[in-house]
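J.: One file: protein.txt (compact mmCIF, C-alpha atoms).
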```txt
# COMPACT_ATOMS: atom_id res chain seq x y z
CA MET A 130 0.00 0.00 0.00
CA SER A 131 1.24 3.48 -0.87
CA PRO A 132 1.30 6.18 1.83
CA THR A 133 -2.19 7.60 2.31
CA ARG A 134 -3.28 10.28 -0.13
CA TYR A 135 -5.45 12.00 2.48
CA ARG A 136 -4.63 15.73 2.59
CA GLY A 137 -7.01 17.06 5.24
CA TYR A 138 -10.26 17.57 3.34
CA GLN A 139 -13.40 17.93 5.48
CA SER A 140 -16.90 17.20 4.19
CA PHE A 141 -18.70 19.99 2.32
CA SER A 142 -15.88 22.47 2.83
CA TYR A 143 -16.59 23.80 -0.68
CA LEU A 144 -19.71 25.42 0.85
CA GLU A 145 -20.15 27.98 3.62
CA ALA A 146 -21.54 26.29 6.72
CA GLY A 147 -24.46 28.16 8.28
CA THR A 148 -25.18 29.99 5.03
CA ASP A 149 -25.42 27.27 2.39
CA TYR A 150 -26.56 24.56 4.78
CA THR A 151 -27.42 24.01 8.44
CA GLU A 152 -24.28 22.96 10.28
CA PHE A 153 -24.26 20.28 12.97
CA VAL A 154 -21.14 19.77 15.05
CA PRO A 155 -19.96 16.26 14.10
CA SER A 156 -18.46 13.71 16.45
CA ALA A 157 -14.70 13.37 16.28
CA ASP A 158 -13.42 10.74 13.87
CA VAL A 159 -10.02 10.62 15.60
CA GLY A 160 -9.37 10.28 19.33
CA ARG A 161 -12.97 10.33 20.56
CA LEU A 162 -12.23 7.35 22.83
CA PRO A 163 -8.92 5.97 24.15
CA GLU A 164 -7.16 3.38 22.00
CA HIS A 165 -8.05 -0.19 22.95
CA ASP A 166 -5.08 -2.12 24.39
CA LEU A 167 -4.84 -5.72 23.19
CA GLY A 168 -1.55 -6.36 24.99
CA LEU A 169 0.65 -6.91 21.93
CA THR A 170 4.42 -6.98 22.07
CA ALA A 171 6.40 -4.58 19.90
CA ALA A 172 7.10 -7.41 17.44
CA GLU A 173 3.42 -8.35 17.26
CA SER A 174 2.42 -4.74 16.68
CA ALA A 175 4.96 -4.43 13.88
CA ARG A 176 3.64 -7.62 12.27
CA ALA A 177 0.06 -6.35 12.44
CA GLU A 178 1.04 -3.04 10.80
CA ARG A 179 2.92 -4.91 8.04
CA LEU A 180 -0.12 -7.07 7.32
CA LEU A 181 -2.39 -4.02 7.14
CA ALA A 182 0.03 -2.35 4.74
CA ASP A 183 0.58 -5.37 2.50
CA THR A 184 -3.01 -6.68 2.35
CA VAL A 185 -6.00 -5.28 0.49
CA VAL A 186 -8.22 -4.64 3.53
CA VAL A 187 -11.99 -4.56 2.98
CA SER A 188 -14.86 -3.80 5.34
CA LEU A 189 -17.93 -5.62 4.04
CA HIS A 190 -20.32 -3.27 5.85
CA ASP A 191 -19.93 0.07 7.64
CA HIS A 192 -21.42 3.57 7.90
CA PRO A 193 -18.29 5.79 7.85
CA VAL A 194 -20.07 9.05 8.65
CA ARG A 195 -19.59 11.30 11.66
CA LEU A 196 -22.76 11.35 13.74
CA PRO A 197 -23.80 14.71 15.22
CA ARG A 198 -22.20 15.23 18.60
CA HIS A 199 -25.67 15.70 20.13
CA THR A 200 -27.18 12.62 18.50
CA ARG A 201 -30.29 12.26 20.62
CA THR A 202 -31.56 15.78 19.95
CA GLU A 203 -30.21 16.45 16.45
CA LEU A 204 -30.32 13.13 14.59
CA PHE A 205 -33.56 13.61 12.64
CA ASP A 206 -32.77 17.18 11.55
CA TRP A 207 -29.26 16.05 10.57
CA ASN A 208 -30.74 13.19 8.52
CA ARG A 209 -33.18 15.44 6.70
CA GLY A 210 -30.41 17.85 5.76
CA ALA A 211 -28.73 14.99 3.87
CA ARG A 212 -25.21 16.38 4.36
CA LEU A 213 -23.70 13.60 6.45
CA ALA A 214 -20.08 14.43 7.21
CA TYR A 215 -17.65 11.68 6.22
CA GLY A 216 -14.91 10.49 8.57
CA TYR A 217 -12.09 11.09 6.11
CA GLU A 218 -9.29 11.52 8.65
CA GLY A 219 -10.36 8.56 10.76
CA LEU A 220 -10.63 6.38 7.68
CA SER A 221 -7.17 7.45 6.53
CA ARG A 222 -5.77 5.94 9.76
CA SER A 223 -7.90 2.78 9.71
CA GLY A 224 -5.80 0.51 7.51
CA LEU A 225 -8.79 0.10 5.19
CA ASP A 226 -8.43 0.08 1.42
CA ALA A 227 -12.15 -0.39 0.73
CA VAL A 228 -15.41 -0.06 2.61
CA PHE A 229 -18.95 -1.07 1.67
CA ASP A 230 -20.83 2.08 2.68
CA ASN A 231 -24.54 1.37 3.16
CA LEU A 232 -26.42 4.54 2.29
CA GLY A 233 -30.09 5.39 2.16
CA TRP A 234 -30.92 6.06 5.78
CA GLY A 235 -29.98 9.73 5.58
CA ALA A 236 -32.30 12.31 4.01
CA CYS A 237 -35.34 10.36 5.24
CA GLU A 238 -38.56 12.33 5.26
CA SER A 239 -40.69 9.20 5.62
CA ARG A 240 -41.25 7.71 9.07
CA ASN A 241 -39.93 4.41 7.76
CA GLY A 242 -37.26 5.83 5.47
CA TRP A 243 -35.52 4.22 2.50
CA LYS A 244 -37.91 5.54 -0.11
CA TRP A 245 -36.66 6.05 -3.68
CA ASP A 246 -36.20 9.84 -3.41
CA ASP A 247 -34.52 9.49 -0.01
CA VAL A 248 -31.93 7.08 -1.35
CA ILE A 249 -31.20 8.98 -4.55
CA THR A 250 -30.74 12.18 -2.52
CA ASP A 251 -28.42 10.44 -0.06
CA LEU A 252 -26.41 8.85 -2.86
CA GLY A 253 -26.07 12.10 -4.79
CA MET A 254 -25.02 14.13 -1.74
CA ARG A 255 -22.40 11.55 -0.81
CA PHE A 256 -20.93 11.41 -4.30
CA CYS A 257 -20.98 15.20 -4.60
CA ASP A 258 -18.82 15.41 -1.48
CA PHE A 259 -16.49 12.73 -2.91
CA ALA A 260 -16.12 14.76 -6.11
CA HIS A 261 -14.52 17.63 -4.20
CA GLN A 262 -11.61 15.66 -2.71
CA ASP A 263 -8.89 13.29 -3.93
CA TYR A 264 -8.58 10.59 -1.25
CA VAL A 265 -11.79 8.57 -1.63
CA ILE A 266 -12.70 6.99 -4.96
CA ARG A 267 -16.06 5.54 -5.97
CA ALA A 268 -15.48 1.82 -6.41
CA GLU A 269 -17.52 -0.07 -8.97
CA SER A 270 -15.13 -2.96 -9.68
CA VAL A 271 -12.47 -5.10 -8.04
CA ALA A 272 -9.92 -3.21 -10.13
CA ASP A 273 -10.99 0.02 -8.40
CA ILE A 274 -10.37 -1.58 -4.99
CA ARG A 275 -6.92 -2.80 -6.02
CA ARG A 276 -6.08 0.63 -7.46
CA ALA A 277 -7.06 2.29 -4.18
CA HIS A 278 -4.68 -0.02 -2.31
CA ALA A 279 -1.84 0.71 -4.73
CA GLU A 280 -2.37 4.49 -4.62
CA GLY A 281 -2.99 4.96 -0.89
CA ARG A 282 -6.63 5.87 -1.44
CA LEU A 283 -9.90 4.51 -0.04
CA ALA A 284 -12.36 2.75 -2.35
CA VAL A 285 -15.97 3.25 -1.27
CA VAL A 286 -18.53 0.74 -2.55
CA ALA A 287 -22.10 2.04 -2.46
CA GLY A 288 -24.58 -0.41 -0.97
CA LEU A 289 -28.14 -0.44 0.38
CA GLU A 290 -29.41 -2.47 3.33
CA GLY A 291 -32.80 -3.24 1.82
CA ALA A 292 -34.59 -3.27 -1.54
CA ALA A 293 -37.98 -1.83 -0.51
CA LEU A 294 -37.26 1.30 -2.54
CA ILE A 295 -37.56 -0.53 -5.88
CA GLU A 296 -41.22 -1.30 -5.01
CA ASN A 297 -42.34 -3.48 -7.94
CA GLU A 298 -40.05 -1.83 -10.50
CA ILE A 299 -37.30 -4.31 -11.37
CA ASP A 300 -35.69 -1.82 -13.76
CA ARG A 301 -34.89 0.40 -10.78
CA LEU A 302 -32.11 -2.08 -10.04
CA ASP A 303 -30.56 -1.10 -13.38
CA VAL A 304 -30.87 2.58 -12.46
CA LEU A 305 -29.18 1.98 -9.10
CA TYR A 306 -26.41 0.01 -10.79
CA GLY A 307 -25.92 2.85 -13.25
CA LEU A 308 -25.61 5.26 -10.34
CA GLY A 309 -22.86 3.15 -8.79
CA VAL A 310 -24.68 0.85 -6.32
CA ARG A 311 -23.00 -2.57 -6.24
CA GLN A 312 -24.69 -4.36 -3.30
CA ILE A 313 -28.28 -4.50 -2.03
CA GLY A 314 -29.96 -6.37 0.80
CA ILE A 315 -33.18 -8.19 -0.04
CA ALA A 316 -35.10 -6.92 3.01
CA TYR A 317 -34.24 -4.69 5.94
CA SER A 318 -35.90 -6.43 8.91
CA ASP A 319 -39.47 -5.71 7.71
CA ALA A 320 -40.97 -7.66 4.82
CA ASN A 321 -41.17 -6.00 1.43
CA ALA A 322 -42.29 -7.01 -2.06
CA LEU A 323 -39.21 -9.22 -2.51
CA GLY A 324 -39.21 -11.24 0.71
CA SER A 325 -39.43 -11.32 4.50
CA GLY A 326 -37.24 -9.53 7.00
CA LEU A 327 -35.85 -11.09 10.15
CA ARG A 328 -38.33 -9.40 12.50
CA GLU A 329 -41.42 -10.96 10.88
CA ARG A 330 -43.17 -13.63 12.95
CA GLY A 331 -43.93 -15.59 9.78
CA ASP A 332 -41.36 -15.79 6.98
CA GLY A 333 -43.11 -16.09 3.61
CA GLY A 334 -39.84 -16.64 1.79
CA LEU A 335 -38.67 -15.12 -1.50
CA THR A 336 -41.58 -13.84 -3.59
CA SER A 337 -41.99 -14.18 -7.35
CA LEU A 338 -40.87 -10.55 -7.67
CA GLY A 339 -37.94 -11.36 -5.38
CA ARG A 340 -36.84 -14.16 -7.69
CA ARG A 341 -36.94 -11.78 -10.64
CA ALA A 342 -34.92 -9.26 -8.62
CA VAL A 343 -32.26 -11.83 -7.71
CA ARG A 344 -32.01 -12.85 -11.37
CA ARG A 345 -31.62 -9.20 -12.43
CA MET A 346 -28.98 -8.56 -9.78
CA ASN A 347 -27.07 -11.60 -11.06
CA GLN A 348 -27.35 -10.27 -14.61
CA LEU A 349 -26.14 -6.82 -13.58
CA GLY A 350 -23.30 -8.05 -11.41
CA MET A 351 -24.75 -6.64 -8.20
CA ALA A 352 -24.05 -8.40 -4.89
CA VAL A 353 -27.07 -9.80 -3.03
CA ASP A 354 -27.07 -9.49 0.77
CA VAL A 355 -29.31 -11.43 3.19
CA SER A 356 -28.09 -9.96 6.51
CA HIS A 357 -31.53 -8.65 7.54
CA SER A 358 -33.62 -11.25 5.72
CA GLY A 359 -35.64 -13.93 7.47
CA ASP A 360 -34.15 -17.40 7.57
CA ARG A 361 -36.42 -18.95 4.95
CA THR A 362 -36.05 -15.94 2.68
CA ALA A 363 -32.27 -16.07 3.02
CA LEU A 364 -32.18 -19.76 2.09
CA GLU A 365 -34.43 -19.24 -0.91
CA VAL A 366 -32.34 -16.27 -2.10
CA ILE A 367 -29.21 -18.40 -1.94
CA GLU A 368 -30.96 -21.21 -3.81
CA ALA A 369 -32.25 -18.84 -6.50
CA SER A 370 -28.97 -17.00 -7.08
CA GLU A 371 -26.55 -18.17 -9.74
CA ARG A 372 -23.77 -16.18 -8.06
CA PRO A 373 -22.40 -16.23 -4.52
CA VAL A 374 -24.57 -14.51 -1.90
CA LEU A 375 -23.24 -12.35 0.93
CA ILE A 376 -24.13 -12.04 4.59
CA THR A 377 -22.39 -8.69 4.89
CA HIS A 378 -22.93 -8.09 8.62
CA ALA A 379 -24.22 -10.65 11.11
CA GLY A 380 -23.08 -13.33 13.54
CA ALA A 381 -23.89 -16.89 14.54
CA ARG A 382 -27.10 -17.83 16.33
CA GLY A 383 -25.20 -20.81 17.69
CA VAL A 384 -23.19 -18.30 19.76
CA TRP A 385 -25.94 -15.78 20.61
CA ASP A 386 -29.57 -16.82 20.17
CA THR A 387 -31.34 -13.79 18.68
CA PRO A 388 -33.12 -13.29 15.34
CA ARG A 389 -30.39 -10.86 14.27
CA MET A 390 -27.87 -13.73 14.19
CA LYS A 391 -27.86 -16.38 11.47
CA PRO A 392 -28.52 -20.07 12.11
CA ASP A 393 -25.97 -22.67 11.04
CA GLU A 394 -28.14 -23.70 8.08
CA VAL A 395 -28.04 -20.21 6.56
CA ILE A 396 -24.31 -19.71 7.20
CA ARG A 397 -23.56 -23.09 5.59
CA ALA A 398 -25.76 -22.33 2.59
CA CYS A 399 -24.03 -18.97 2.13
CA ALA A 400 -20.64 -20.68 2.17
CA GLU A 401 -21.80 -23.40 -0.22
CA SER A 402 -22.91 -20.68 -2.65
CA GLY A 403 -19.31 -19.45 -2.62
CA GLY A 404 -20.15 -16.48 -0.41
CA VAL A 405 -18.86 -15.12 2.90
CA ILE A 406 -20.29 -13.94 6.19
CA GLY A 407 -19.02 -10.62 7.52
CA ILE A 408 -18.89 -10.64 11.33
CA GLU A 409 -20.51 -7.52 12.72
CA ALA A 410 -20.03 -5.44 15.86
CA ALA A 411 -22.97 -3.04 16.19
CA PRO A 412 -23.89 -2.65 19.88
CA TYR A 413 -25.61 -5.66 21.47
CA THR A 414 -25.52 -7.85 18.36
CA THR A 415 -22.52 -10.20 18.42
CA LEU A 416 -22.50 -11.00 22.13
CA SER A 417 -21.66 -14.45 23.50
CA ALA A 418 -22.24 -16.57 26.57
CA ARG A 419 -18.52 -16.26 27.34
CA HIS A 420 -18.52 -12.48 26.88
CA ARG A 421 -21.87 -10.91 27.76
CA ARG A 422 -20.23 -7.49 27.83
CA HIS A 423 -19.95 -6.54 24.16
CA SER A 424 -16.35 -6.11 23.03
CA ILE A 425 -13.92 -7.34 20.44
CA GLU A 426 -13.70 -10.58 22.45
CA SER A 427 -17.38 -11.42 21.97
CA VAL A 428 -17.19 -10.41 18.30
CA MET A 429 -14.28 -12.80 17.80
CA ASP A 430 -16.23 -15.61 19.49
CA HIS A 431 -18.55 -15.40 16.48
CA PHE A 432 -15.57 -15.31 14.15
CA ARG A 433 -14.11 -18.50 15.60
CA TYR A 434 -17.46 -20.27 15.54
CA CYS A 435 -18.02 -19.44 11.86
CA VAL A 436 -14.48 -20.48 10.94
CA ASP A 437 -15.08 -23.85 12.62
CA LEU A 438 -18.47 -24.17 10.90
CA VAL A 439 -17.63 -23.29 7.27
CA GLY A 440 -13.88 -22.73 7.04
CA ILE A 441 -11.79 -19.60 7.24
CA GLU A 442 -12.16 -18.94 3.50
CA HIS A 443 -15.84 -18.05 4.01
CA VAL A 444 -15.47 -15.57 6.88
CA ALA A 445 -14.78 -11.82 6.74
CA PHE A 446 -15.80 -8.72 8.74
CA GLY A 447 -18.59 -6.17 8.31
CA PRO A 448 -18.41 -4.23 11.60
CA ASP A 449 -21.42 -1.95 10.96
CA THR A 450 -20.03 1.01 12.88
CA PHE A 451 -20.18 4.83 12.86
CA PHE A 452 -17.98 7.67 14.05
CA GLY A 453 -19.84 8.86 17.14
CA ASP A 454 -22.12 7.48 19.82
CA HIS A 455 -23.69 4.43 18.18
CA LEU A 456 -25.68 3.62 21.32
CA ASP A 457 -27.31 7.04 21.28
CA LEU A 458 -28.18 6.46 17.65
CA HIS A 459 -29.74 3.10 18.57
CA HIS A 460 -31.84 4.71 21.27
CA VAL A 461 -33.20 7.27 18.82
CA MET A 462 -33.59 5.11 15.72
CA SER A 463 -34.22 1.52 16.82
CA GLU A 464 -38.01 1.90 16.79
CA LYS A 465 -37.94 3.68 13.44
CA TRP A 466 -35.70 0.99 11.97
CA GLY A 467 -37.88 -1.75 13.40
CA VAL A 468 -34.97 -3.50 15.11
CA ALA A 469 -35.52 -2.74 18.79
CA ASP A 470 -37.24 -6.04 19.46
CA THR A 471 -34.62 -8.06 17.59
CA ILE A 472 -31.81 -6.47 19.62
CA ARG A 473 -33.45 -6.69 23.04
CA SER A 474 -34.73 -10.25 22.62
CA GLY A 475 -32.61 -13.21 23.68
CA PRO A 476 -30.25 -13.84 26.59
CA GLU A 477 -29.40 -11.28 29.25
CA PHE A 478 -26.33 -9.12 28.63
CA GLU A 479 -24.28 -6.43 30.35
CA THR A 480 -24.76 -2.85 29.16
CA VAL A 481 -21.81 -0.91 27.77
CA ASP A 482 -21.01 2.66 26.76
CA ALA A 483 -19.21 1.42 23.63
CA VAL A 484 -18.12 -1.85 22.03
CA ALA A 485 -14.54 -1.96 23.29
CA GLY A 486 -12.07 -2.40 20.44
CA MET A 487 -14.76 -2.30 17.72
CA GLU A 488 -16.40 1.06 18.28
CA ASN A 489 -15.80 2.92 15.02
CA PRO A 490 -14.57 2.43 11.42
CA GLY A 491 -11.21 3.97 12.25
CA GLU A 492 -10.21 1.29 14.76
CA CYS A 493 -12.00 -1.92 13.80
CA PHE A 494 -9.66 -3.47 11.26
CA ARG A 495 -6.50 -2.41 13.02
CA ASN A 496 -7.77 -4.11 16.19
CA ILE A 497 -9.07 -7.16 14.31
CA THR A 498 -5.63 -7.62 12.77
CA ARG A 499 -3.93 -7.15 16.13
CA TRP A 500 -6.27 -9.67 17.75
CA LEU A 501 -5.55 -12.23 15.04
CA VAL A 502 -1.80 -11.71 15.40
CA ARG A 503 -2.07 -12.00 19.18
CA HIS A 504 -3.95 -15.31 18.83
CA GLY A 505 -1.47 -16.95 16.51
CA TYR A 506 -3.16 -16.85 13.11
CA SER A 507 -0.86 -17.15 10.09
CA ASP A 508 -0.18 -14.33 7.65
CA ASP A 509 -2.22 -16.10 4.96
CA GLU A 510 -5.19 -16.61 7.29
CA ILE A 511 -5.17 -12.99 8.41
CA ALA A 512 -4.85 -11.69 4.84
CA ALA A 513 -7.83 -13.84 3.84
CA VAL A 514 -10.26 -12.65 6.51
CA ILE A 515 -9.38 -8.95 6.43
CA GLY A 516 -9.84 -8.67 2.67
CA GLY A 517 -8.75 -11.58 0.52
CA ASN A 518 -11.93 -13.60 0.95
CA VAL A 519 -14.12 -10.65 -0.04
CA LEU A 520 -12.05 -9.93 -3.15
CA ARG A 521 -12.24 -13.59 -4.24
CA VAL A 522 -16.04 -13.57 -3.95
CA LEU A 523 -16.45 -10.18 -5.65
CA GLU A 524 -14.49 -11.47 -8.64
CA LYS A 525 -17.31 -14.04 -9.09
CA ILE A 526 -20.16 -11.56 -8.53
CA TRP A 527 -19.11 -8.37 -10.30
```
Write the structure described by the file as structure tokens, please.
T.:
Amino acid sequence: MSPTRYRGYQSFSYLEAGTDYTEFVPSADVGRLPEHDLGLTAAESARAERLLADTVVVSLHDHPVRLPRHTRTELFDWNRGARLAYGYEGLSRSGLDAVFDNLGWGACESRNGWKWDDVITDLGMRFCDFAHQDYVIRAESVADIRRAHAEGRLAVVAGLEGAALIENEIDRLDVLYGLGVRQIGIAYSDANALGSGLRERGDGGLTSLGRRAVRRMNQLGMAVDVSHSGDRTALEVIEASERPVLITHAGARGVWDTPRMKPDEVIRACAESGGVIGIEAAPYTTLSARHRRHSIESVMDHFRYCVDLVGIEHVAFGPDTFFGDHLDLHHVMSEKWGVADTIRSGPEFETVDAVAGMENPGECFRNITRWLVRHGYSDDEIAAVIGGNVLRVLEKIW
């Protein structure tokens, strides 16, 4: 990897804050919380840094924006303004070469969000900001990701967590592809015209329209994600797809028994399709019986379980983090997103202020790599799970 090309750009600095748009003070993307100590020796730290530099490192799912500092009182106004500040500096220190950025939840006027106009506005605002700087590039191919690694840039892949916005218009998938979107989830927790989400009591499976959508996404070369789909829907998506299917951000129900986690059957089917599961770290998701206080240790319990279940070649990471207080965001948005019940259900857990070691996009992959080094994984194994596995699968999808 070349030295980072980041030169200090801040989001929307081509405009005058307070005159051209309403300014919200964003959370810090560097130094907001103390660095997490994993107890590495100097030699282990050096090895981790070498691996981050030499490997194409890919986050399969994140939200690399800076939340407003006063999230609980300002979140909805900030969303409607659609100018979501990007964590450029934090990302430049993250070790990442590429990140799947799931858009479409900003600019939401609707109570339930993710309508067509909302998503197009969010996408256009994000790409307008990108156009005024020279560190981030819009990634639409594996070649773009490899170029970002070689040039010290960050490749951002546009993705969407759910497909409700296409309604019954299959050709909207073509429009989204033309605008740069390269990954879409079938359903975001609630059912839509394509299939059922994970919070539905009854899972009706993939609909006829959903089958047409999967076929079109295969034809386009757009990755299909089942992270928030119901179990039956996920299995039927995998069966219907001619290309590998992704679970971009989830964990194992065999480790933590909640609907948000995936059962062994779905994880195995994903792997058998040639796909990967990205282990996530959003607050109170990837907990474990061994570590009921959410931290990198509980996240890695899911990693180890999935490696044992399907092999290390089918496991990656999709931390699903923000710059700022993710727990405050959950408090404000969980009912709107329809995920409060899926998070709070299941075993008892200890509350936290932040997921130690996996709190934001700037620290996740550096700490994942350090943890893997500390626990004796080989260079090849580490290179696979922090990026190599995702690249191999994308070569088959895109």
J.: Just to confirm, what's the straight-line distance from atom CA of Arg209 of chain A to atom CA of Gly359 of chain A in Å (one decimal)?
T.: 29.5 Å
J.: I'd like the neighbourhood of Ala175 of chain A as an NGL selection string, where a residue qualifies if any of its atoms comes within 12 Å (using all atoms listed in the file), though same-chain residues fewer than 6 positions away should be ignored.
T.: :A and (169 or 181-182 or 495 or 498-499 or 502-503)
J.: Which residue out of A:Arg389, A:Leu204, A:Thr480, A:Ile367 has the minimum interatomic distance to His420 of chain A when only C-alpha atoms are used?
T.: A:Thr480
J.: Which one is closest to Ala316 of chain A: A:Val304, A:Gly403, A:Gly333, A:Ala293? Count all atoms listed in the file.
T.: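 Ranked by minimum distance to Ala316 of chain A, first place goes to A:Ala293.
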J.: I want to know what sits within 12 Å of Ala379 of chain A, based on only C-alpha atoms, with residues of the same chain fewer than 5 positions away left out; could you give that as a PyMOL selection string?
T.: chain A and resi 189-190+327+354-358+384-385+387-392+395-396+405-416+428+431-432+435+444-449
J.: Could you write out that same residue set with C-alpha atoms as an mmCIF file, in the frame of the given file?
T.:
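Okay, selection_32.cif is ready:
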```cif
data_model
loop_
_atom_site.group_PDB
_atom_site.id
_atom_site.type_symbol
_atom_site.label_atom_id
_atom_site.label_comp_id
_atom_site.auth_asym_id
_atom_site.auth_seq_id
_atom_site.Cartn_x
_atom_site.Cartn_y
_atom_site.Cartn_z
ATOM 1 C CA LEU A 189 -17.930 -5.620 4.040
ATOM 2 C CA HIS A 190 -20.320 -3.270 5.850
ATOM 3 C CA LEU A 327 -35.850 -11.090 10.150
ATOM 4 C CA ASP A 354 -27.070 -9.490 0.770
ATOM 5 C CA VAL A 355 -29.310 -11.430 3.190
ATOM 6 C CA SER A 356 -28.090 -9.960 6.510
ATOM 7 C CA HIS A 357 -31.530 -8.650 7.540
ATOM 8 C CA SER A 358 -33.620 -11.250 5.720
ATOM 9 C CA VAL A 384 -23.190 -18.300 19.760
ATOM 10 C CA TRP A 385 -25.940 -15.780 20.610
ATOM 11 C CA THR A 387 -31.340 -13.790 18.680
ATOM 12 C CA PRO A 388 -33.120 -13.290 15.340
ATOM 13 C CA ARG A 389 -30.390 -10.860 14.270
ATOM 14 C CA MET A 390 -27.870 -13.730 14.190
ATOM 15 C CA LYS A 391 -27.860 -16.380 11.470
ATOM 16 C CA PRO A 392 -28.520 -20.070 12.110
ATOM 17 C CA VAL A 395 -28.040 -20.210 6.560
ATOM 18 C CA ILE A 396 -24.310 -19.710 7.200
ATOM 19 C CA VAL A 405 -18.860 -15.120 2.900
ATOM 20 C CA ILE A 406 -20.290 -13.940 6.190
ATOM 21 C CA GLY A 407 -19.020 -10.620 7.520
ATOM 22 C CA ILE A 408 -18.890 -10.640 11.330
ATOM 23 C CA GLU A 409 -20.510 -7.520 12.720
ATOM 24 C CA ALA A 410 -20.030 -5.440 15.860
ATOM 25 C CA ALA A 411 -22.970 -3.040 16.190
ATOM 26 C CA PRO A 412 -23.890 -2.650 19.880
ATOM 27 C CA TYR A 413 -25.610 -5.660 21.470
ATOM 28 C CA THR A 414 -25.520 -7.850 18.360
ATOM 29 C CA THR A 415 -22.520 -10.200 18.420
ATOM 30 C CA LEU A 416 -22.500 -11.000 22.130
ATOM 31 C CA VAL A 428 -17.190 -10.410 18.300
ATOM 32 C CA HIS A 431 -18.550 -15.400 16.480
ATOM 33 C CA PHE A 432 -15.570 -15.310 14.150
ATOM 34 C CA CYS A 435 -18.020 -19.440 11.860
ATOM 35 C CA VAL A 444 -15.470 -15.570 6.880
ATOM 36 C CA ALA A 445 -14.780 -11.820 6.740
ATOM 37 C CA PHE A 446 -15.800 -8.720 8.740
ATOM 38 C CA GLY A 447 -18.590 -6.170 8.310
ATOM 39 C CA PRO A 448 -18.410 -4.230 11.600
ATOM 40 C CA ASP A 449 -21.420 -1.950 10.960
#
```
J.: Residues near Leu335 of chain A, anyone? I mean within 7 Å using all atoms listed in the file, not counting same-chain ones fewer than 3 positions away, as number ranges by chain.
T.: A: 323-324, 339-340, 362, 365-366
J.: So how far away is atom CA of Met487 of chain A from atom CA of Gly168 of chain A, in Å?
T.: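 Between atom CA of Gly168 of chain A and atom CA of Met487 of chain A the gap is 15.6 Å.
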J.: Give the answer as one residue: which of A:Val514, A:Leu338, A:Cys493, A:Ala483 has the shortest atom-to-atom distance to Pro193 of chain A, using all atoms listed in the file?
T.: A:Cys493
J.: Interatomic distance between atom CA of Pro490 of chain A and atom CA of Leu456 of chain A?
T.: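 Pair atom CA of Pro490 of chain A / atom CA of Leu456 of chain A returns 14.9 Å.
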J.: Output as JSON lines one row per residue of segment 491-524 of chain A within 12 Å of segment 273-291 of chain A: the closest atom pair and its distance in Å to one decimal place, counting all atoms listed in the file, sorted by chain and residue number ascending.
T.:
```
{"residue": "A:Gly516", "atom": "CA", "partner": "A:Ile274", "partner_atom": "CA", "distance": 10.5}
{"residue": "A:Gly517", "atom": "CA", "partner": "A:Arg275", "partner_atom": "CA", "distance": 11.1}
{"residue": "A:Val519", "atom": "CA", "partner": "A:Ile274", "partner_atom": "CA", "distance": 11.0}
{"residue": "A:Leu520", "atom": "CA", "partner": "A:Ile274", "partner_atom": "CA", "distance": 8.7}
{"residue": "A:Leu523", "atom": "CA", "partner": "A:Ile274", "partner_atom": "CA", "distance": 10.6}
{"residue": "A:Glu524", "atom": "CA", "partner": "A:Ile274", "partner_atom": "CA", "distance": 11.3}
```
